[in-house]
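So this one's start_19.pdb, PDB, C-alpha atoms and all ligand atoms:
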```
ATOM      1  CA  MET R   1      14.176 151.115  -1.978  1.00  0.00           C
ATOM      2  CA  LEU R   2      15.479 147.567  -2.136  1.00  0.00           C
ATOM      3  CA  THR R   3      12.011 146.101  -2.718  1.00  0.00           C
ATOM      4  CA  LYS R   4      11.698 147.861  -6.095  1.00  0.00           C
ATOM      5  CA  ASP R   5      13.527 144.903  -7.635  1.00  0.00           C
ATOM      6  CA  LYS R   6      10.550 142.750  -8.705  1.00  0.00           C
ATOM      7  CA  GLU R   7      12.518 139.543  -9.227  1.00  0.00           C
ATOM      8  CA  LYS R   8      14.103 139.634  -5.763  1.00  0.00           C
ATOM      9  CA  LEU R   9      10.803 140.616  -4.153  1.00  0.00           C
ATOM     10  CA  GLU R  10       9.112 137.628  -5.752  1.00  0.00           C
ATOM     11  CA  ALA R  11      11.872 135.300  -4.513  1.00  0.00           C
ATOM     12  CA  LEU R  12      11.446 136.708  -0.996  1.00  0.00           C
ATOM     13  CA  LYS R  13       7.665 136.313  -1.108  1.00  0.00           C
ATOM     14  CA  GLN R  14       8.062 132.749  -2.346  1.00  0.00           C
ATOM     15  CA  THR R  15      10.212 131.927   0.697  1.00  0.00           C
ATOM     16  CA  ILE R  16       7.614 133.545   2.963  1.00  0.00           C
ATOM     17  CA  ASP R  17       4.844 131.486   1.303  1.00  0.00           C
ATOM     18  CA  ASP R  18       6.852 128.299   1.793  1.00  0.00           C
ATOM     19  CA  VAL R  19       7.321 128.875   5.527  1.00  0.00           C
ATOM     20  CA  LYS R  20       3.722 130.055   5.975  1.00  0.00           C
ATOM     21  CA  GLN R  21       2.555 126.523   5.201  1.00  0.00           C
ATOM     22  CA  LYS R  22       4.368 125.423   8.334  1.00  0.00           C
ATOM     23  CA  ARG R  23       3.640 126.330  11.933  1.00  0.00           C
ATOM     24  CA  TYR R  24       5.010 129.775  12.715  1.00  0.00           C
ATOM     25  CA  SER R  25       8.045 130.114  14.955  1.00  0.00           C
ATOM     26  CA  ASP R  26      11.143 132.324  15.075  1.00  0.00           C
ATOM     27  CA  SER R  27      13.155 129.686  13.247  1.00  0.00           C
ATOM     28  CA  TYR R  28      10.928 130.237  10.175  1.00  0.00           C
ATOM     29  CA  LEU R  29      11.289 133.976  10.538  1.00  0.00           C
ATOM     30  CA  ILE R  30      15.082 133.533  10.700  1.00  0.00           C
ATOM     31  CA  ALA R  31      14.962 131.430   7.525  1.00  0.00           C
ATOM     32  CA  VAL R  32      13.123 134.279   5.789  1.00  0.00           C
ATOM     33  CA  LEU R  33      15.618 136.850   7.107  1.00  0.00           C
ATOM     34  CA  HIS R  34      18.482 134.713   5.783  1.00  0.00           C
ATOM     35  CA  LYS R  35      16.811 134.627   2.377  1.00  0.00           C
ATOM     36  CA  ALA R  36      16.261 138.392   2.441  1.00  0.00           C
ATOM     37  CA  GLN R  37      19.908 139.014   3.311  1.00  0.00           C
ATOM     38  CA  ALA R  38      21.084 136.637   0.583  1.00  0.00           C
ATOM     39  CA  LEU R  39      18.935 138.543  -1.924  1.00  0.00           C
ATOM     40  CA  TYR R  40      19.629 142.125  -0.852  1.00  0.00           C
ATOM     41  CA  GLY R  41      22.906 141.968   1.088  1.00  0.00           C
ATOM     42  CA  TYR R  42      21.317 143.545   4.166  1.00  0.00           C
ATOM     43  CA  LEU R  43      17.981 143.988   5.901  1.00  0.00           C
ATOM     44  CA  SER R  44      16.566 147.418   5.099  1.00  0.00           C
ATOM     45  CA  GLU R  45      13.431 148.972   6.577  1.00  0.00           C
ATOM     46  CA  ASP R  46      11.362 148.322   3.455  1.00  0.00           C
ATOM     47  CA  VAL R  47      12.423 144.656   3.365  1.00  0.00           C
ATOM     48  CA  ILE R  48      11.505 144.223   7.041  1.00  0.00           C
ATOM     49  CA  ASP R  49       8.137 145.903   6.340  1.00  0.00           C
ATOM     50  CA  VAL R  50       7.339 143.432   3.548  1.00  0.00           C
ATOM     51  CA  ILE R  51       8.185 140.512   5.840  1.00  0.00           C
ATOM     52  CA  ALA R  52       6.091 141.996   8.688  1.00  0.00           C
ATOM     53  CA  VAL R  53       3.014 142.409   6.491  1.00  0.00           C
ATOM     54  CA  ASP R  54       3.329 139.099   4.649  1.00  0.00           C
ATOM     55  CA  MET R  55       4.068 137.040   7.761  1.00  0.00           C
ATOM     56  CA  ASP R  56       1.718 139.060   9.955  1.00  0.00           C
ATOM     57  CA  ILE R  57       4.407 139.631  12.586  1.00  0.00           C
ATOM     58  CA  PRO R  58       4.946 142.987  14.362  1.00  0.00           C
ATOM     59  CA  THR R  59       7.865 144.933  12.881  1.00  0.00           C
ATOM     60  CA  ALA R  60       9.360 145.462  16.356  1.00  0.00           C
ATOM     61  CA  HIS R  61       9.592 141.707  16.873  1.00  0.00           C
ATOM     62  CA  ILE R  62      11.404 141.245  13.548  1.00  0.00           C
ATOM     63  CA  TRP R  63      13.882 144.018  14.394  1.00  0.00           C
ATOM     64  CA  GLY R  64      14.416 142.354  17.765  1.00  0.00           C
ATOM     65  CA  VAL R  65      15.330 139.053  16.112  1.00  0.00           C
ATOM     66  CA  ALA R  66      17.447 140.728  13.402  1.00  0.00           C
ATOM     67  CA  THR R  67      19.482 142.731  15.917  1.00  0.00           C
ATOM     68  CA  PHE R  68      19.930 139.802  18.308  1.00  0.00           C
ATOM     69  CA  TYR R  69      21.797 137.690  15.745  1.00  0.00           C
ATOM     70  CA  HIS R  70      25.071 139.305  14.766  1.00  0.00           C
ATOM     71  CA  TYR R  71      24.934 137.484  11.476  1.00  0.00           C
ATOM     72  CA  PHE R  72      22.341 139.883  10.071  1.00  0.00           C
ATOM     73  CA  ASN R  73      23.464 143.094   8.384  1.00  0.00           C
ATOM     74  CA  LEU R  74      21.300 146.138   9.014  1.00  0.00           C
ATOM     75  CA  THR R  75      23.272 148.525   6.819  1.00  0.00           C
ATOM     76  CA  PRO R  76      24.548 148.242   3.216  1.00  0.00           C
ATOM     77  CA  GLN R  77      27.678 146.098   2.931  1.00  0.00           C
ATOM     78  CA  GLY R  78      30.825 146.686   0.920  1.00  0.00           C
ATOM     79  CA  ARG R  79      31.827 144.501  -2.018  1.00  0.00           C
ATOM     80  CA  HIS R  80      34.510 142.899   0.165  1.00  0.00           C
ATOM     81  CA  GLN R  81      33.950 141.829   3.745  1.00  0.00           C
ATOM     82  CA  ILE R  82      37.011 142.050   5.992  1.00  0.00           C
ATOM     83  CA  ASP R  83      36.725 139.968   9.173  1.00  0.00           C
ATOM     84  CA  VAL R  84      39.567 140.657  11.605  1.00  0.00           C
ATOM     85  CA  CYS R  85      40.051 137.840  14.074  1.00  0.00           C
ATOM     86  CA  LEU R  86      40.179 139.139  17.637  1.00  0.00           C
ATOM     87  CA  GLY R  87      40.473 135.703  19.211  1.00  0.00           C
ATOM     88  CA  THR R  88      43.160 135.203  21.862  1.00  0.00           C
ATOM     89  CA  ALA R  89      45.859 133.715  19.600  1.00  0.00           C
ATOM     90  CA  CYS R  90      45.457 136.488  17.053  1.00  0.00           C
ATOM     91  CA  TYR R  91      45.255 139.157  19.707  1.00  0.00           C
ATOM     92  CA  VAL R  92      48.563 138.208  21.316  1.00  0.00           C
ATOM     93  CA  LYS R  93      50.198 138.099  17.869  1.00  0.00           C
ATOM     94  CA  GLY R  94      49.197 141.651  16.955  1.00  0.00           C
ATOM     95  CA  ALA R  95      45.554 141.760  15.819  1.00  0.00           C
ATOM     96  CA  ALA R  96      45.160 145.197  17.435  1.00  0.00           C
ATOM     97  CA  GLN R  97      47.863 146.655  15.168  1.00  0.00           C
ATOM     98  CA  LEU R  98      46.113 145.159  12.151  1.00  0.00           C
ATOM     99  CA  VAL R  99      42.861 146.791  13.246  1.00  0.00           C
ATOM    100  CA  GLU R 100      44.623 150.158  13.527  1.00  0.00           C
ATOM    101  CA  THR R 101      46.215 149.739  10.098  1.00  0.00           C
ATOM    102  CA  LEU R 102      42.861 148.871   8.528  1.00  0.00           C
ATOM    103  CA  LYS R 103      41.008 151.704  10.239  1.00  0.00           C
ATOM    104  CA  GLN R 104      43.583 154.252   9.092  1.00  0.00           C
ATOM    105  CA  GLN R 105      43.921 152.932   5.571  1.00  0.00           C
ATOM    106  CA  LEU R 106      40.186 152.584   4.957  1.00  0.00           C
ATOM    107  CA  LYS R 107      39.192 155.612   7.049  1.00  0.00           C
ATOM    108  CA  ILE R 108      36.401 153.706   8.760  1.00  0.00           C
ATOM    109  CA  ASP R 109      35.679 152.149  12.124  1.00  0.00           C
ATOM    110  CA  MET R 110      34.745 148.582  12.938  1.00  0.00           C
ATOM    111  CA  GLY R 111      31.286 147.761  11.591  1.00  0.00           C
ATOM    112  CA  GLN R 112      31.451 150.458   8.904  1.00  0.00           C
ATOM    113  CA  THR R 113      31.660 150.414   5.116  1.00  0.00           C
ATOM    114  CA  THR R 114      34.038 152.555   3.048  1.00  0.00           C
ATOM    115  CA  GLN R 115      32.606 155.487   1.091  1.00  0.00           C
ATOM    116  CA  ASP R 116      33.278 153.753  -2.226  1.00  0.00           C
ATOM    117  CA  ASP R 117      31.307 150.684  -0.974  1.00  0.00           C
ATOM    118  CA  LEU R 118      34.366 148.502  -1.516  1.00  0.00           C
ATOM    119  CA  PHE R 119      35.064 147.239   2.032  1.00  0.00           C
ATOM    120  CA  THR R 120      33.147 146.497   5.214  1.00  0.00           C
ATOM    121  CA  LEU R 121      35.282 146.020   8.326  1.00  0.00           C
ATOM    122  CA  LYS R 122      34.124 143.639  11.042  1.00  0.00           C
ATOM    123  CA  PRO R 123      35.539 141.974  14.142  1.00  0.00           C
ATOM    124  CA  ALA R 124      35.458 138.182  14.276  1.00  0.00           C
ATOM    125  CA  ARG R 125      35.895 135.518  16.904  1.00  0.00           C
ATOM    126  CA  CYS R 126      38.435 132.729  16.346  1.00  0.00           C
ATOM    127  CA  LEU R 127      38.412 131.830  12.651  1.00  0.00           C
ATOM    128  CA  GLY R 128      39.882 128.404  13.347  1.00  0.00           C
ATOM    129  CA  ALA R 129      43.306 129.170  11.926  1.00  0.00           C
ATOM    130  CA  CYS R 130      45.155 130.052  15.155  1.00  0.00           C
ATOM    131  CA  GLY R 131      48.374 128.453  13.854  1.00  0.00           C
ATOM    132  CA  LEU R 132      48.526 131.270  11.293  1.00  0.00           C
ATOM    133  CA  ALA R 133      47.800 134.083  13.780  1.00  0.00           C
ATOM    134  CA  PRO R 134      47.208 136.935  13.322  1.00  0.00           C
ATOM    135  CA  VAL R 135      44.515 136.158  10.789  1.00  0.00           C
ATOM    136  CA  VAL R 136      42.114 138.205   8.682  1.00  0.00           C
ATOM    137  CA  MET R 137      39.464 136.764   6.386  1.00  0.00           C
ATOM    138  CA  ILE R 138      38.569 138.742   3.287  1.00  0.00           C
ATOM    139  CA  ASP R 139      35.409 137.325   1.736  1.00  0.00           C
ATOM    140  CA  ASP R 140      36.149 133.572   1.823  1.00  0.00           C
ATOM    141  CA  THR R 141      39.942 133.783   1.897  1.00  0.00           C
ATOM    142  CA  ILE R 142      42.042 133.482   5.051  1.00  0.00           C
ATOM    143  CA  HIS R 143      45.172 135.633   5.196  1.00  0.00           C
ATOM    144  CA  GLY R 144      47.581 134.533   7.929  1.00  0.00           C
ATOM    145  CA  GLU R 145      50.843 135.546   9.604  1.00  0.00           C
ATOM    146  CA  LEU R 146      49.994 139.125   8.849  1.00  0.00           C
ATOM    147  CA  THR R 147      51.950 142.245   9.700  1.00  0.00           C
ATOM    148  CA  PRO R 148      50.586 145.771   9.276  1.00  0.00           C
ATOM    149  CA  LYS R 149      52.651 146.048   6.061  1.00  0.00           C
ATOM    150  CA  LYS R 150      51.323 142.757   4.609  1.00  0.00           C
ATOM    151  CA  MET R 151      47.775 143.801   5.559  1.00  0.00           C
ATOM    152  CA  SER R 152      48.141 147.131   3.858  1.00  0.00           C
ATOM    153  CA  ASP R 153      49.552 145.492   0.691  1.00  0.00           C
ATOM    154  CA  ILE R 154      46.589 143.092   0.525  1.00  0.00           C
ATOM    155  CA  ILE R 155      44.124 145.983   0.782  1.00  0.00           C
ATOM    156  CA  ASN R 156      45.964 147.895  -1.938  1.00  0.00           C
ATOM    157  CA  LYS R 157      45.847 144.823  -4.180  1.00  0.00           C
ATOM    158  CA  HIS R 158      42.077 144.571  -3.725  1.00  0.00           C
ATOM    159  CA  LYS R 159      41.743 148.260  -4.518  1.00  0.00           C
ATOM    160  CA  ARG R 160      43.793 147.923  -7.692  1.00  0.00           C
ATOM    161  CA  ASN R 161      41.759 144.892  -8.818  1.00  0.00           C
ATOM    162  CA  ALA R 162      38.520 146.746  -8.161  1.00  0.00           C
ATOM    163  CA  HIS R 163      39.587 149.646 -10.310  1.00  0.00           C
ATOM    164  CA  LYS R 164      40.589 147.341 -13.170  1.00  0.00           C
ATOM    165  CA  LYS R 165      37.017 146.010 -13.377  1.00  0.00           C
TER     166      LYS R 165
HETATM  167  S1  LIG O   1      42.261 133.179  17.461  1.00  0.00           S
HETATM  168 FE1  LIG O   1      42.392 133.955  15.448  1.00  0.00          FE
HETATM  169  S2  LIG O   1      42.134 132.189  14.234  1.00  0.00           S
HETATM  170 FE2  LIG O   1      41.950 131.450  16.248  1.00  0.00          FE
END
```
Write-out of the structure in structure tokens:
Amino acid sequence: MLTKDKEKLEALKQTIDDVKQKRYSDSYLIAVLHKAQALYGYLSEDVIDVIAVDMDIPTAHIWGVATFYHYFNLTPQGRHQIDVCLGTACYVKGAAQLVETLKQQLKIDMGQTTQDDLFTLKPARCLGACGLAPVVMIDDTIHGELTPKKMSDIINKHKRNAHKK
């Protein structure tokens, strides 16, 4: 249960208290969901339940908002987030081959997290670096002009670094 962490729960409740002073609307709920995701990494059932009770909003409505915005994670995320650009420029330069390489190497599908919790694989729209197509963003770093081989080497490097820690 994510909400067992007292410090994080208090921080979440503080955010809820802050928005409660204001008039309720979905934008305040979204602010609380952002805070919850920043604290826990994703929105679990117990976290949503706390928000529903404290904000006096039906759980179904909160799930509706959380699933509507692709930004929110509803499952645990890996330590590294891999966003594969599937925008037009990247697609014509071989993004599909990169996706295949990543799926095979990590043994997961788009939207999934590896068994060791190291990587989460996600599709992305144009990342604003079309000149470097095809592009993949890992955490906050853009990797451009990728080939399946370069992609695979980058993943292996991340794996090696993770095992050093
Ligand atoms: S289409 Fe991939 S960065 Fe623009």
Practice item. Enumerate residues in contact with ligand LIG 1 (chain O): an atom-to-atom distance of at most 9 Å, counting only C-alpha atoms and all ligand atoms. Format the result as a list in words. Key: Val84, Cys85, Leu86, Gly87, Thr88, Ala89, Cys90, Tyr91, Val92, Ala95, Ala124, Arg125, Cys126, Leu127, Gly128, Ala129, Cys130, Gly131, Leu132, Ala133, Pro134, Val135, Val136 and Gly144 of chain R
Would you export the selected residues with C-alpha atoms as a PDB file, keeping the file's coordinate frame, please?
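Okay, this is what ended up in part_38.pdb:
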```pdb
ATOM      1  CA  VAL R  84      39.567 140.657  11.605  1.00  0.00           C
ATOM      2  CA  CYS R  85      40.051 137.840  14.074  1.00  0.00           C
ATOM      3  CA  LEU R  86      40.179 139.139  17.637  1.00  0.00           C
ATOM      4  CA  GLY R  87      40.473 135.703  19.211  1.00  0.00           C
ATOM      5  CA  THR R  88      43.160 135.203  21.862  1.00  0.00           C
ATOM      6  CA  ALA R  89      45.859 133.715  19.600  1.00  0.00           C
ATOM      7  CA  CYS R  90      45.457 136.488  17.053  1.00  0.00           C
ATOM      8  CA  TYR R  91      45.255 139.157  19.707  1.00  0.00           C
ATOM      9  CA  VAL R  92      48.563 138.208  21.316  1.00  0.00           C
ATOM     10  CA  ALA R  95      45.554 141.760  15.819  1.00  0.00           C
ATOM     11  CA  ALA R 124      35.458 138.182  14.276  1.00  0.00           C
ATOM     12  CA  ARG R 125      35.895 135.518  16.904  1.00  0.00           C
ATOM     13  CA  CYS R 126      38.435 132.729  16.346  1.00  0.00           C
ATOM     14  CA  LEU R 127      38.412 131.830  12.651  1.00  0.00           C
ATOM     15  CA  GLY R 128      39.882 128.404  13.347  1.00  0.00           C
ATOM     16  CA  ALA R 129      43.306 129.170  11.926  1.00  0.00           C
ATOM     17  CA  CYS R 130      45.155 130.052  15.155  1.00  0.00           C
ATOM     18  CA  GLY R 131      48.374 128.453  13.854  1.00  0.00           C
ATOM     19  CA  LEU R 132      48.526 131.270  11.293  1.00  0.00           C
ATOM     20  CA  ALA R 133      47.800 134.083  13.780  1.00  0.00           C
ATOM     21  CA  PRO R 134      47.208 136.935  13.322  1.00  0.00           C
ATOM     22  CA  VAL R 135      44.515 136.158  10.789  1.00  0.00           C
ATOM     23  CA  VAL R 136      42.114 138.205   8.682  1.00  0.00           C
ATOM     24  CA  GLY R 144      47.581 134.533   7.929  1.00  0.00           C
TER      25      GLY R 144
END
```
Exercise for review: With all atoms listed in the file counted, which protein, DNA or RNA residues have an atom no more than 12 Å from (16.1, 151.1, -1.1) in the file frame? Please answer as a ChimeraX atom specification.
Suggested key: /R:1-5,40-48,75-76
Would you save the residues of that selection, restricted to C-alpha atoms, as a PDB file, in the frame of the given file?
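Listing of part05.pdb after writing:
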```
ATOM      1  CA  MET R   1      14.176 151.115  -1.978  1.00  0.00           C
ATOM      2  CA  LEU R   2      15.479 147.567  -2.136  1.00  0.00           C
ATOM      3  CA  THR R   3      12.011 146.101  -2.718  1.00  0.00           C
ATOM      4  CA  LYS R   4      11.698 147.861  -6.095  1.00  0.00           C
ATOM      5  CA  ASP R   5      13.527 144.903  -7.635  1.00  0.00           C
ATOM      6  CA  TYR R  40      19.629 142.125  -0.852  1.00  0.00           C
ATOM      7  CA  GLY R  41      22.906 141.968   1.088  1.00  0.00           C
ATOM      8  CA  TYR R  42      21.317 143.545   4.166  1.00  0.00           C
ATOM      9  CA  LEU R  43      17.981 143.988   5.901  1.00  0.00           C
ATOM     10  CA  SER R  44      16.566 147.418   5.099  1.00  0.00           C
ATOM     11  CA  GLU R  45      13.431 148.972   6.577  1.00  0.00           C
ATOM     12  CA  ASP R  46      11.362 148.322   3.455  1.00  0.00           C
ATOM     13  CA  VAL R  47      12.423 144.656   3.365  1.00  0.00           C
ATOM     14  CA  ILE R  48      11.505 144.223   7.041  1.00  0.00           C
ATOM     15  CA  THR R  75      23.272 148.525   6.819  1.00  0.00           C
ATOM     16  CA  PRO R  76      24.548 148.242   3.216  1.00  0.00           C
TER      17      PRO R  76
END
```
Check your understanding: Written as number ranges by chain, what is the full residue list that the PyMOL selection byres (((chain R and resi 17) around 12) and not hetatm) yields on the file shown?
Key -> R: 10-16, 18-24, 28-29, 31-32, 51, 54-56
Exercise for review: Could you tell me which residues the PyMOL selection byres (((chain R and resi 156-159) around 12) and not hetatm) returns for this structure, as a ChimeraX atom specification?
Suggested key: /R:79-82,102,105-106,114,116-119,138-139,149-155,160-165
Practice item. To one decimal in Å, tell me the separation between CA of Asn73 (chain R) and CA of Gln37 (chain R). Key: 7.4 Å
Study note, to complete from the structure: From CA of Gly64 (chain R) to CA of Leu121 (chain R) the spacing works out at 23.2 Å
Exercise for review: Give me, please, the distance in Å between CA of Pro148 (chain R) and CA of Thr101 (chain R), quoted to one decimal.
Suggested key: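 Atom-to-atom, CA of Pro148 (chain R) and CA of Thr101 (chain R) are spaced 6.0 Å apart.
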Exercise for review: Between R:Ile30, R:Lys6, R:Ala52, R:Gly78, single out the one closest to Gln115 (chain R), counting all atoms listed in the file.
Suggested key: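 Smallest distance to Gln115 (chain R) is found for R:Gly78.
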Emit as lines of an AutoDock Vina configuration file the padded axis-aligned box for all listed atoms of region 87-93 of chain R, 5 Å per side, with centre and edge lengths in Å to one decimal.
```
center_x = 45.3
center_y = 136.4
center_z = 19.5
size_x = 19.7
size_y = 15.4
size_z = 14.8
```
Pop region 138-157 of chain R out of the structure in the block and write N, CA, C and O atoms as a tab-separated table (two decimals), in the first residue's frame.
```tsv
chain	number	residue	atom	x	y	z
R	138	ILE	N	15.13	9.15	-22.99
R	138	ILE	CA	15.22	8.31	-21.80
R	138	ILE	C	15.37	9.25	-20.62
R	138	ILE	O	16.33	10.03	-20.54
R	139	ASP	N	14.39	9.21	-19.73
R	139	ASP	CA	14.27	10.18	-18.64
R	139	ASP	C	14.27	11.58	-19.27
R	139	ASP	O	13.41	11.85	-20.06
R	140	ASP	N	15.29	12.42	-18.99
R	140	ASP	CA	15.24	13.76	-19.58
R	140	ASP	C	16.23	13.92	-20.73
R	140	ASP	O	16.47	15.03	-21.19
R	141	THR	N	16.79	12.83	-21.19
R	141	THR	CA	17.84	12.93	-22.23
R	141	THR	C	17.31	12.47	-23.58
R	141	THR	O	16.76	11.37	-23.70
R	142	ILE	N	17.55	13.31	-24.59
R	142	ILE	CA	17.16	12.96	-25.97
R	142	ILE	C	18.32	12.21	-26.63
R	142	ILE	O	19.46	12.64	-26.55
R	143	HIS	N	17.99	11.08	-27.24
R	143	HIS	CA	18.97	10.33	-28.02
R	143	HIS	C	18.50	10.38	-29.47
R	143	HIS	O	17.37	9.96	-29.76
R	144	GLY	N	19.35	10.91	-30.37
R	144	GLY	CA	18.92	11.09	-31.75
R	144	GLY	C	19.74	10.29	-32.74
R	144	GLY	O	20.74	9.66	-32.38
R	145	GLU	N	19.28	10.32	-34.00
R	145	GLU	CA	19.91	9.60	-35.11
R	145	GLU	C	20.18	8.15	-34.73
R	145	GLU	O	21.26	7.61	-34.94
R	146	LEU	N	19.18	7.54	-34.16
R	146	LEU	CA	19.35	6.19	-33.63
R	146	LEU	C	19.20	5.12	-34.72
R	146	LEU	O	18.45	5.29	-35.67
R	147	THR	N	19.90	4.03	-34.51
R	147	THR	CA	19.71	2.81	-35.29
R	147	THR	C	19.36	1.75	-34.25
R	147	THR	O	19.58	1.96	-33.05
R	148	PRO	N	18.84	0.60	-34.69
R	148	PRO	CA	18.56	-0.45	-33.71
R	148	PRO	C	19.80	-0.79	-32.87
R	148	PRO	O	19.71	-1.00	-31.67
R	149	LYS	N	20.97	-0.80	-33.51
R	149	LYS	CA	22.22	-1.15	-32.80
R	149	LYS	C	22.54	-0.09	-31.73
R	149	LYS	O	22.85	-0.42	-30.58
R	150	LYS	N	22.45	1.19	-32.13
R	150	LYS	CA	22.74	2.27	-31.16
R	150	LYS	C	21.75	2.20	-30.00
R	150	LYS	O	22.11	2.39	-28.84
R	151	MET	N	20.48	1.93	-30.32
R	151	MET	CA	19.44	1.86	-29.29
R	151	MET	C	19.75	0.76	-28.28
R	151	MET	O	19.71	0.95	-27.08
R	152	SER	N	20.12	-0.38	-28.84
R	152	SER	CA	20.42	-1.53	-28.00
R	152	SER	C	21.63	-1.25	-27.10
R	152	SER	O	21.65	-1.61	-25.92
R	153	ASP	N	22.66	-0.57	-27.65
R	153	ASP	CA	23.85	-0.23	-26.86
R	153	ASP	C	23.49	0.71	-25.70
R	153	ASP	O	24.01	0.57	-24.60
R	154	ILE	N	22.60	1.66	-25.98
R	154	ILE	CA	22.20	2.62	-24.93
R	154	ILE	C	21.48	1.88	-23.79
R	154	ILE	O	21.72	2.14	-22.61
R	155	ILE	N	20.62	0.96	-24.16
R	155	ILE	CA	19.89	0.18	-23.13
R	155	ILE	C	20.88	-0.64	-22.31
R	155	ILE	O	20.81	-0.68	-21.07
R	156	ASN	N	21.82	-1.27	-22.99
R	156	ASN	CA	22.82	-2.08	-22.27
R	156	ASN	C	23.63	-1.22	-21.31
R	156	ASN	O	23.95	-1.64	-20.21
R	157	LYS	N	23.94	0.00	-21.73
R	157	LYS	CA	24.72	0.91	-20.88
R	157	LYS	C	23.91	1.24	-19.60
R	157	LYS	O	24.44	1.23	-18.50
```
